[in-house]
$ cat start_5.cif   # mmCIF, C-alpha atoms; chains and numbers go by the auth columns
data_entry
#
loop_
_atom_site.group_PDB
_atom_site.id
_atom_site.type_symbol
_atom_site.label_atom_id
_atom_site.label_comp_id
_atom_site.label_asym_id
_atom_site.label_seq_id
_atom_site.Cartn_x
_atom_site.Cartn_y
_atom_site.Cartn_z
_atom_site.B_iso_or_equiv
_atom_site.auth_seq_id
_atom_site.auth_asym_id
ATOM 1 C CA MET A 1 22.445 56.254 77.996 0.00 27 A
ATOM 2 C CA SER A 2 20.760 59.416 79.187 0.00 28 A
ATOM 3 C CA GLY A 3 21.984 61.482 76.255 0.00 29 A
ATOM 4 C CA VAL A 4 19.105 60.603 73.944 0.00 30 A
ATOM 5 C CA TRP A 5 16.417 60.814 76.639 0.00 31 A
ATOM 6 C CA ILE A 6 14.375 63.991 76.910 0.00 32 A
ATOM 7 C CA SER A 7 13.156 64.581 80.430 0.00 33 A
ATOM 8 C CA LEU A 8 9.635 65.966 80.318 0.00 34 A
ATOM 9 C CA ASP A 9 8.846 66.351 84.049 0.00 35 A
ATOM 10 C CA VAL A 10 5.280 65.133 83.661 0.00 36 A
ATOM 11 C CA TRP A 11 5.762 61.668 85.159 0.00 37 A
ATOM 12 C CA PHE A 12 6.647 62.335 88.796 0.00 38 A
ATOM 13 C CA PRO A 13 3.539 64.433 89.686 0.00 39 A
ATOM 14 C CA VAL A 14 1.316 61.654 88.307 0.00 40 A
ATOM 15 C CA VAL A 15 3.230 59.096 90.403 0.00 41 A
ATOM 16 C CA GLY A 16 2.702 61.268 93.499 0.00 42 A
ATOM 17 C CA ILE A 17 -1.060 61.525 92.839 0.00 43 A
ATOM 18 C CA PHE A 18 -1.258 57.736 92.372 0.00 44 A
ATOM 19 C CA LEU A 19 0.509 57.223 95.709 0.00 45 A
ATOM 20 C CA VAL A 20 -2.192 59.385 97.333 0.00 46 A
ATOM 21 C CA PHE A 21 -4.824 57.176 95.632 0.00 47 A
ATOM 22 C CA ILE A 22 -3.148 54.055 97.061 0.00 48 A
ATOM 23 C CA ALA A 23 -3.276 55.628 100.531 0.00 49 A
ATOM 24 C CA LEU A 24 -7.012 56.266 100.027 0.00 50 A
ATOM 25 C CA CYS A 25 -7.524 52.634 98.954 0.00 51 A
ATOM 26 C CA THR A 26 -5.870 51.555 102.195 0.00 52 A
ATOM 27 C CA VAL A 27 -8.764 53.196 104.072 0.00 53 A
ATOM 28 C CA ARG A 28 -11.208 50.817 102.383 0.00 54 A
ATOM 29 C CA LEU A 29 -8.756 47.973 103.016 0.00 55 A
ATOM 30 C CA PHE A 30 -8.955 48.557 106.771 0.00 56 A
ATOM 31 C CA ARG A 31 -12.634 49.556 107.015 0.00 57 A
ATOM 32 C CA GLY A 32 -14.195 47.070 104.588 0.00 58 A
ATOM 33 C CA PRO A 33 -17.097 45.255 106.236 0.00 59 A
ATOM 34 C CA THR A 34 -16.678 41.994 104.308 0.00 60 A
ATOM 35 C CA PRO A 35 -13.500 40.183 103.147 0.00 61 A
ATOM 36 C CA ALA A 36 -14.581 40.654 99.508 0.00 62 A
ATOM 37 C CA ASP A 37 -14.400 44.438 99.976 0.00 63 A
ATOM 38 C CA ARG A 38 -10.833 44.079 101.190 0.00 64 A
ATOM 39 C CA ALA A 39 -10.021 41.888 98.172 0.00 65 A
ATOM 40 C CA VAL A 40 -11.416 44.556 95.824 0.00 66 A
ATOM 41 C CA ALA A 41 -9.287 47.183 97.587 0.00 67 A
ATOM 42 C CA VAL A 42 -6.162 45.017 97.164 0.00 68 A
ATOM 43 C CA ASP A 43 -7.008 44.531 93.480 0.00 69 A
ATOM 44 C CA THR A 44 -7.280 48.299 93.017 0.00 70 A
ATOM 45 C CA VAL A 45 -3.941 48.819 94.782 0.00 71 A
ATOM 46 C CA ASN A 46 -2.351 46.249 92.430 0.00 72 A
ATOM 47 C CA THR A 47 -3.695 48.061 89.353 0.00 73 A
ATOM 48 C CA LEU A 48 -2.372 51.399 90.582 0.00 74 A
ATOM 49 C CA THR A 49 0.997 49.797 91.388 0.00 75 A
ATOM 50 C CA VAL A 50 1.339 48.499 87.820 0.00 76 A
ATOM 51 C CA ALA A 51 0.540 51.973 86.464 0.00 77 A
ATOM 52 C CA ILE A 52 3.129 53.528 88.823 0.00 78 A
ATOM 53 C CA MET A 53 5.805 51.021 87.758 0.00 79 A
ATOM 54 C CA VAL A 54 5.246 51.767 84.058 0.00 80 A
ATOM 55 C CA LEU A 55 5.489 55.503 84.747 0.00 81 A
ATOM 56 C CA LEU A 56 8.626 55.125 86.894 0.00 82 A
ATOM 57 C CA GLY A 57 10.298 53.156 84.117 0.00 83 A
ATOM 58 C CA VAL A 58 10.141 56.299 81.979 0.00 84 A
ATOM 59 C CA ALA A 59 10.856 58.725 84.796 0.00 85 A
ATOM 60 C CA TYR A 60 14.037 56.963 85.936 0.00 86 A
ATOM 61 C CA GLN A 61 14.968 55.960 82.326 0.00 87 A
ATOM 62 C CA GLN A 62 15.141 52.272 83.262 0.00 88 A
ATOM 63 C CA ILE A 63 13.192 50.036 80.880 0.00 89 A
ATOM 64 C CA ILE A 64 13.558 47.040 83.201 0.00 90 A
ATOM 65 C CA PHE A 65 10.888 48.585 85.493 0.00 91 A
ATOM 66 C CA VAL A 66 8.283 48.045 82.760 0.00 92 A
ATOM 67 C CA ASP A 67 9.156 44.326 82.636 0.00 93 A
ATOM 68 C CA VAL A 68 8.741 44.210 86.414 0.00 94 A
ATOM 69 C CA ALA A 69 5.308 45.795 85.911 0.00 95 A
ATOM 70 C CA ILE A 70 4.285 43.039 83.459 0.00 96 A
ATOM 71 C CA VAL A 71 5.346 40.268 85.856 0.00 97 A
ATOM 72 C CA TYR A 72 3.648 42.049 88.770 0.00 98 A
ATOM 73 C CA ALA A 73 0.385 42.327 86.807 0.00 99 A
ATOM 74 C CA VAL A 74 0.317 38.607 85.997 0.00 100 A
ATOM 75 C CA LEU A 75 1.294 37.505 89.529 0.00 101 A
ATOM 76 C CA SER A 76 -1.290 39.781 91.175 0.00 102 A
ATOM 77 C CA PHE A 77 -3.896 38.354 88.780 0.00 103 A
ATOM 78 C CA VAL A 78 -3.079 34.805 89.930 0.00 104 A
ATOM 79 C CA SER A 79 -3.157 35.831 93.601 0.00 105 A
ATOM 80 C CA THR A 80 -6.516 37.569 93.171 0.00 106 A
ATOM 81 C CA LEU A 81 -7.947 34.461 91.510 0.00 107 A
ATOM 82 C CA TYR A 82 -6.781 32.332 94.450 0.00 108 A
ATOM 83 C CA ILE A 83 -8.278 34.787 96.952 0.00 109 A
ATOM 84 C CA ALA A 84 -11.577 34.689 95.040 0.00 110 A
ATOM 85 C CA LYS A 85 -11.559 30.886 95.032 0.00 111 A
ATOM 86 C CA TYR A 86 -10.925 30.872 98.779 0.00 112 A
ATOM 87 C CA LEU A 87 -13.631 33.430 99.507 0.00 113 A
ATOM 88 C CA GLY A 88 -16.161 31.527 97.411 0.00 114 A
ATOM 89 C CA GLY A 89 -15.553 28.393 99.469 0.00 115 A
ATOM 90 C CA GLU A 90 -14.194 26.315 96.576 0.00 116 A
ATOM 91 C CA MET A 91 -10.823 25.422 98.100 0.00 117 A
ATOM 92 C CA MET B 1 8.314 69.282 71.477 0.00 265 B
ATOM 93 C CA ASP B 2 5.256 71.232 72.579 0.00 266 B
ATOM 94 C CA ALA B 3 2.698 69.069 70.814 0.00 267 B
ATOM 95 C CA ILE B 4 4.030 65.902 72.432 0.00 268 B
ATOM 96 C CA VAL B 5 3.864 67.556 75.861 0.00 269 B
ATOM 97 C CA ILE B 6 0.228 68.503 75.257 0.00 270 B
ATOM 98 C CA ILE B 7 -0.681 64.977 74.091 0.00 271 B
ATOM 99 C CA LEU B 8 1.091 63.326 77.029 0.00 272 B
ATOM 100 C CA ALA B 9 -0.464 65.752 79.510 0.00 273 B
ATOM 101 C CA LEU B 10 -3.924 65.015 78.040 0.00 274 B
ATOM 102 C CA PHE B 11 -3.444 61.245 78.349 0.00 275 B
ATOM 103 C CA LEU B 12 -2.048 61.511 81.869 0.00 276 B
ATOM 104 C CA LEU B 13 -4.856 63.881 82.888 0.00 277 B
ATOM 105 C CA ILE B 14 -7.502 61.451 81.627 0.00 278 B
ATOM 106 C CA GLY B 15 -5.755 58.653 83.536 0.00 279 B
ATOM 107 C CA VAL B 16 -5.519 60.622 86.770 0.00 280 B
ATOM 108 C CA ILE B 17 -9.164 61.752 86.584 0.00 281 B
ATOM 109 C CA PHE B 18 -10.506 58.246 85.985 0.00 282 B
ATOM 110 C CA ASN B 19 -8.294 56.697 88.658 0.00 283 B
ATOM 111 C CA GLY B 20 -9.464 59.343 91.102 0.00 284 B
ATOM 112 C CA LEU B 21 -13.110 58.647 90.275 0.00 285 B
ATOM 113 C CA GLY B 22 -12.508 54.922 90.771 0.00 286 B
ATOM 114 C CA VAL B 23 -10.884 55.385 94.164 0.00 287 B
ATOM 115 C CA LEU B 24 -13.626 57.835 95.195 0.00 288 B
ATOM 116 C CA GLY B 25 -16.249 55.259 94.244 0.00 289 B
ATOM 117 C CA LEU B 26 -14.361 52.580 96.163 0.00 290 B
ATOM 118 C CA LEU B 27 -14.514 54.778 99.240 0.00 291 B
ATOM 119 C CA ARG B 28 -18.057 56.127 98.970 0.00 292 B
ATOM 120 C CA PHE B 29 -20.340 53.510 97.385 0.00 293 B
ATOM 121 C CA PRO B 30 -22.649 51.539 99.699 0.00 294 B
ATOM 122 C CA ASP B 31 -22.118 47.840 98.927 0.00 295 B
ATOM 123 C CA LEU B 32 -19.684 45.377 97.357 0.00 296 B
ATOM 124 C CA TYR B 33 -20.952 45.311 93.797 0.00 297 B
ATOM 125 C CA THR B 34 -21.148 49.070 93.301 0.00 298 B
ATOM 126 C CA ARG B 35 -17.677 49.427 94.829 0.00 299 B
ATOM 127 C CA MET B 36 -16.390 46.777 92.439 0.00 300 B
ATOM 128 C CA HIS B 37 -18.141 48.524 89.525 0.00 301 B
ATOM 129 C CA ALA B 38 -16.351 51.786 90.328 0.00 302 B
ATOM 130 C CA ALA B 39 -12.991 50.379 91.356 0.00 303 B
ATOM 131 C CA THR B 40 -12.303 47.897 88.574 0.00 304 B
ATOM 132 C CA LYS B 41 -13.717 49.638 85.512 0.00 305 B
ATOM 133 C CA ALA B 42 -12.545 53.172 86.239 0.00 306 B
ATOM 134 C CA THR B 43 -9.072 52.210 87.439 0.00 307 B
ATOM 135 C CA THR B 44 -8.555 49.886 84.464 0.00 308 B
ATOM 136 C CA PHE B 45 -9.470 52.698 82.058 0.00 309 B
ATOM 137 C CA GLY B 46 -7.255 55.202 83.843 0.00 310 B
ATOM 138 C CA SER B 47 -4.244 52.906 84.100 0.00 311 B
ATOM 139 C CA VAL B 48 -4.582 51.951 80.428 0.00 312 B
ATOM 140 C CA PHE B 49 -4.470 55.631 79.529 0.00 313 B
ATOM 141 C CA THR B 50 -1.391 56.390 81.650 0.00 314 B
ATOM 142 C CA SER B 51 0.374 53.386 80.095 0.00 315 B
ATOM 143 C CA LEU B 52 -0.668 54.562 76.618 0.00 316 B
ATOM 144 C CA ALA B 53 1.043 57.862 77.418 0.00 317 B
ATOM 145 C CA VAL B 54 4.250 55.871 77.955 0.00 318 B
ATOM 146 C CA VAL B 55 3.677 54.043 74.637 0.00 319 B
ATOM 147 C CA VAL B 56 3.226 57.378 72.819 0.00 320 B
ATOM 148 C CA PHE B 57 6.362 58.770 74.443 0.00 321 B
ATOM 149 C CA GLY B 58 8.364 55.704 73.422 0.00 322 B
ATOM 150 C CA LEU B 59 7.158 55.823 69.811 0.00 323 B
ATOM 151 C CA TRP B 60 7.793 59.558 69.566 0.00 324 B
ATOM 152 C CA SER B 61 11.325 59.173 70.935 0.00 325 B
ATOM 153 C CA TYR B 62 11.951 56.261 68.570 0.00 326 B
ATOM 154 C CA PHE B 63 10.955 58.291 65.522 0.00 327 B
ATOM 155 C CA ARG B 64 12.979 61.280 66.761 0.00 328 B
ATOM 156 C CA THR B 65 16.201 59.415 67.493 0.00 329 B
ATOM 157 C CA VAL B 66 16.291 56.003 65.815 0.00 330 B
ATOM 158 C CA ASP B 67 17.339 54.181 68.984 0.00 331 B
ATOM 159 C CA GLY B 68 16.220 50.657 69.716 0.00 332 B
ATOM 160 C CA GLN B 69 15.620 51.091 73.435 0.00 333 B
ATOM 161 C CA PHE B 70 12.647 53.389 72.851 0.00 334 B
ATOM 162 C CA LEU B 71 10.990 50.799 70.634 0.00 335 B
ATOM 163 C CA THR B 72 11.620 48.273 73.430 0.00 336 B
ATOM 164 C CA LEU B 73 10.019 50.685 75.888 0.00 337 B
ATOM 165 C CA ALA B 74 6.943 51.195 73.697 0.00 338 B
ATOM 166 C CA ILE B 75 6.413 47.474 73.034 0.00 339 B
ATOM 167 C CA HIS B 76 6.884 46.467 76.665 0.00 340 B
ATOM 168 C CA ALA B 77 4.566 49.220 77.888 0.00 341 B
ATOM 169 C CA PHE B 78 1.964 48.045 75.369 0.00 342 B
ATOM 170 C CA ILE B 79 2.300 44.466 76.651 0.00 343 B
ATOM 171 C CA ALA B 80 1.839 45.789 80.201 0.00 344 B
ATOM 172 C CA THR B 81 -1.300 47.637 79.061 0.00 345 B
ATOM 173 C CA LEU B 82 -2.665 44.486 77.448 0.00 346 B
ATOM 174 C CA ALA B 83 -1.934 42.375 80.545 0.00 347 B
ATOM 175 C CA LEU B 84 -3.610 44.985 82.746 0.00 348 B
ATOM 176 C CA ALA B 85 -6.741 45.189 80.590 0.00 349 B
ATOM 177 C CA ILE B 86 -7.205 41.410 80.393 0.00 350 B
ATOM 178 C CA THR B 87 -6.357 40.411 83.967 0.00 351 B
ATOM 179 C CA ASN B 88 -8.433 43.130 85.642 0.00 352 B
ATOM 180 C CA ALA B 89 -11.607 42.054 83.864 0.00 353 B
ATOM 181 C CA VAL B 90 -11.151 38.370 84.737 0.00 354 B
ATOM 182 C CA SER B 91 -10.175 38.985 88.374 0.00 355 B
ATOM 183 C CA SER B 92 -13.121 41.335 88.966 0.00 356 B
ATOM 184 C CA HIS B 93 -15.453 38.698 87.497 0.00 357 B
ATOM 185 C CA ALA B 94 -13.999 36.097 89.872 0.00 358 B
ATOM 186 C CA LEU B 95 -14.354 38.439 92.846 0.00 359 B
ATOM 187 C CA ALA B 96 -17.986 39.209 92.013 0.00 360 B
ATOM 188 C CA ARG B 97 -18.698 35.471 91.731 0.00 361 B
ATOM 189 C CA ALA B 98 -16.996 34.887 95.088 0.00 362 B
ATOM 190 C CA GLY B 99 -19.046 37.671 96.658 0.00 363 B
ATOM 191 C CA HIS B 100 -22.272 36.146 95.378 0.00 364 B
ATOM 192 C CA LYS B 101 -21.256 32.714 96.664 0.00 365 B
ATOM 193 C CA MET B 102 -20.451 34.254 100.058 0.00 366 B
ATOM 194 C CA GLY B 103 -24.081 35.421 100.225 0.00 367 B
ATOM 195 C CA ILE B 104 -23.480 39.167 99.925 0.00 368 B
ATOM 196 C CA LYS B 105 -26.614 40.878 98.619 0.00 369 B
ATOM 197 C CA PRO B 106 -26.760 44.211 96.790 0.00 370 B
ATOM 198 C CA MET B 107 -27.862 47.081 99.013 0.00 371 B
ATOM 199 C CA PRO B 108 -31.561 47.598 98.126 0.00 372 B
ATOM 200 C CA ALA B 109 -32.078 43.985 96.992 0.00 373 B
ATOM 201 C CA VAL B 110 -35.588 42.590 96.943 0.00 374 B
ATOM 202 C CA CYS B 111 -34.948 39.395 94.959 0.00 375 B
ATOM 203 C CA ASP B 112 -31.977 37.391 93.666 0.00 376 B
ATOM 204 C CA LYS B 113 -32.575 36.099 90.154 0.00 377 B
ATOM 205 C CA LEU B 114 -29.067 34.596 89.967 0.00 378 B
ATOM 206 C CA GLU B 115 -29.854 32.221 92.829 0.00 379 B
ATOM 207 C CA GLU B 116 -32.159 30.171 90.568 0.00 380 B
ATOM 208 C CA PHE B 117 -29.313 29.345 88.186 0.00 381 B
ATOM 209 C CA SER B 118 -26.695 28.356 90.766 0.00 382 B
ATOM 210 C CA PRO B 119 -27.957 25.514 92.952 0.00 383 B
#
$ encode --input "start_5.cif" --output "structure tokens"
Amino acid sequence: MSGVWISLDVWFPVVGIFLVFIALCTVRLFRGPTPADRAVAVDTVNTLTVAIMVLLGVAYQQIIFVDVAIVYAVLSFVSTLYIAKYLGGEM
Amino acid sequence: MDAIVIILALFLLIGVIFNGLGVLGLLRFPDLYTRMHAATKATTFGSVFTSLAVVVFGLWSYFRTVDGQFLTLAIHAFIATLALAITNAVSSHALARAGHKMGIKPMPAVCDKLEEFSP
């Protein structure tokens, strides 16, 4: 399978930088004064996680990771909508 | 070989820069709405660009070696990009609405014109 793949070595540094960004988002997740700030931080972490999964699918030459990224994006969207409904007092 | 590396590095650099600006805004801005403005828009743009780099890599590999798995990679990465772009906009709208219903005001607010329309 790996015979036709060309490894370009540009994916893993980007994944490392995104992991640093997730660690910085965790600061806002712990310090946020209101629950809505924490929800925004979780939403940002979800977006960065989807980007990391798409990049890792190329880096490890496993296309199934990209499908996991699609499902993760849709499920995190549903969870964020439920958190927003709960925070707005509509549940 | 070299041109594709330059294109991919450009896309990934744009993605990293915009994601970094979004996270910096999430950390440094004063209230909820400005944080949301930085975090959702900039990180959506950056993540779309890093996923488009994967799409370009898949299409380039497909046209180089006519192998079906690269076309699968490109199409699935494009679907992931589309899902990301749509769901981030809707979820940030819902979070802003929830923040307004919680009673969170913008930082130097003097009046709330939205309050008249939502009894």
$ resolve_selection --input "start_5.cif" --expression "the PyMOL selection byres ((chain B) within 8 of (chain A))" --output "ChimeraX atom specification"
/B:269,273,276,280,283-284,287,290-291,296,299-300,303-304,307-308,311-312,314-315,318,325,329,333,336-337,340-341,343-344,347-348,351-352,355-356,358-359,361-366
$ atom_distance --input "start_5.cif" --atom1 "CA of His301 in chain B" --atom2 "CA of Gly286 in chain B"
8.6 Å
$ atom_distance --input "start_5.cif" --atom1 "CA of Ala267 in chain B" --atom2 "CA of Leu316 in chain B"
16.0 Å
$ atom_distance --input "start_5.cif" --atom1 "CA of Gly289 in chain B" --atom2 "CA of Ala302 in chain B"
5.2 Å
$ axis_aligned_box --input "start_5.cif" --around "range 324-332 of chain B" --padding-each-side "6 Å" --output "AutoDock Vina command-line options"
--center_x 12.6 --center_y 56.0 --center_z 68.2 --size_x 21.5 --size_y 22.6 --size_z 17.4
$ residues_around --input "start_5.cif" --residues "range 372-375 of chain B" --least-positions-apart "6" --cutoff "12 Å" --atoms "only C-alpha atoms" --output "number ranges by chain"
B: 294-295, 297-298
$ write_last_selection --input "start_5.cif" --atoms "C-alpha atoms" --output "mmCIF file, in the coordinates of the input"
data_model
loop_
_atom_site.group_PDB
_atom_site.id
_atom_site.type_symbol
_atom_site.label_atom_id
_atom_site.label_comp_id
_atom_site.auth_asym_id
_atom_site.auth_seq_id
_atom_site.Cartn_x
_atom_site.Cartn_y
_atom_site.Cartn_z
ATOM 1 C CA PRO B 294 -22.649 51.539 99.699
ATOM 2 C CA ASP B 295 -22.118 47.840 98.927
ATOM 3 C CA TYR B 297 -20.952 45.311 93.797
ATOM 4 C CA THR B 298 -21.148 49.070 93.301
#
$ residues_near_point --input "start_5.cif" --point "(11.7, 54.9, 70.6)" --cutoff "6 Å" --atoms "all atoms listed in the file" --output "PyMOL selection string"
chain B and resi 322-323+325-326+331+334-335
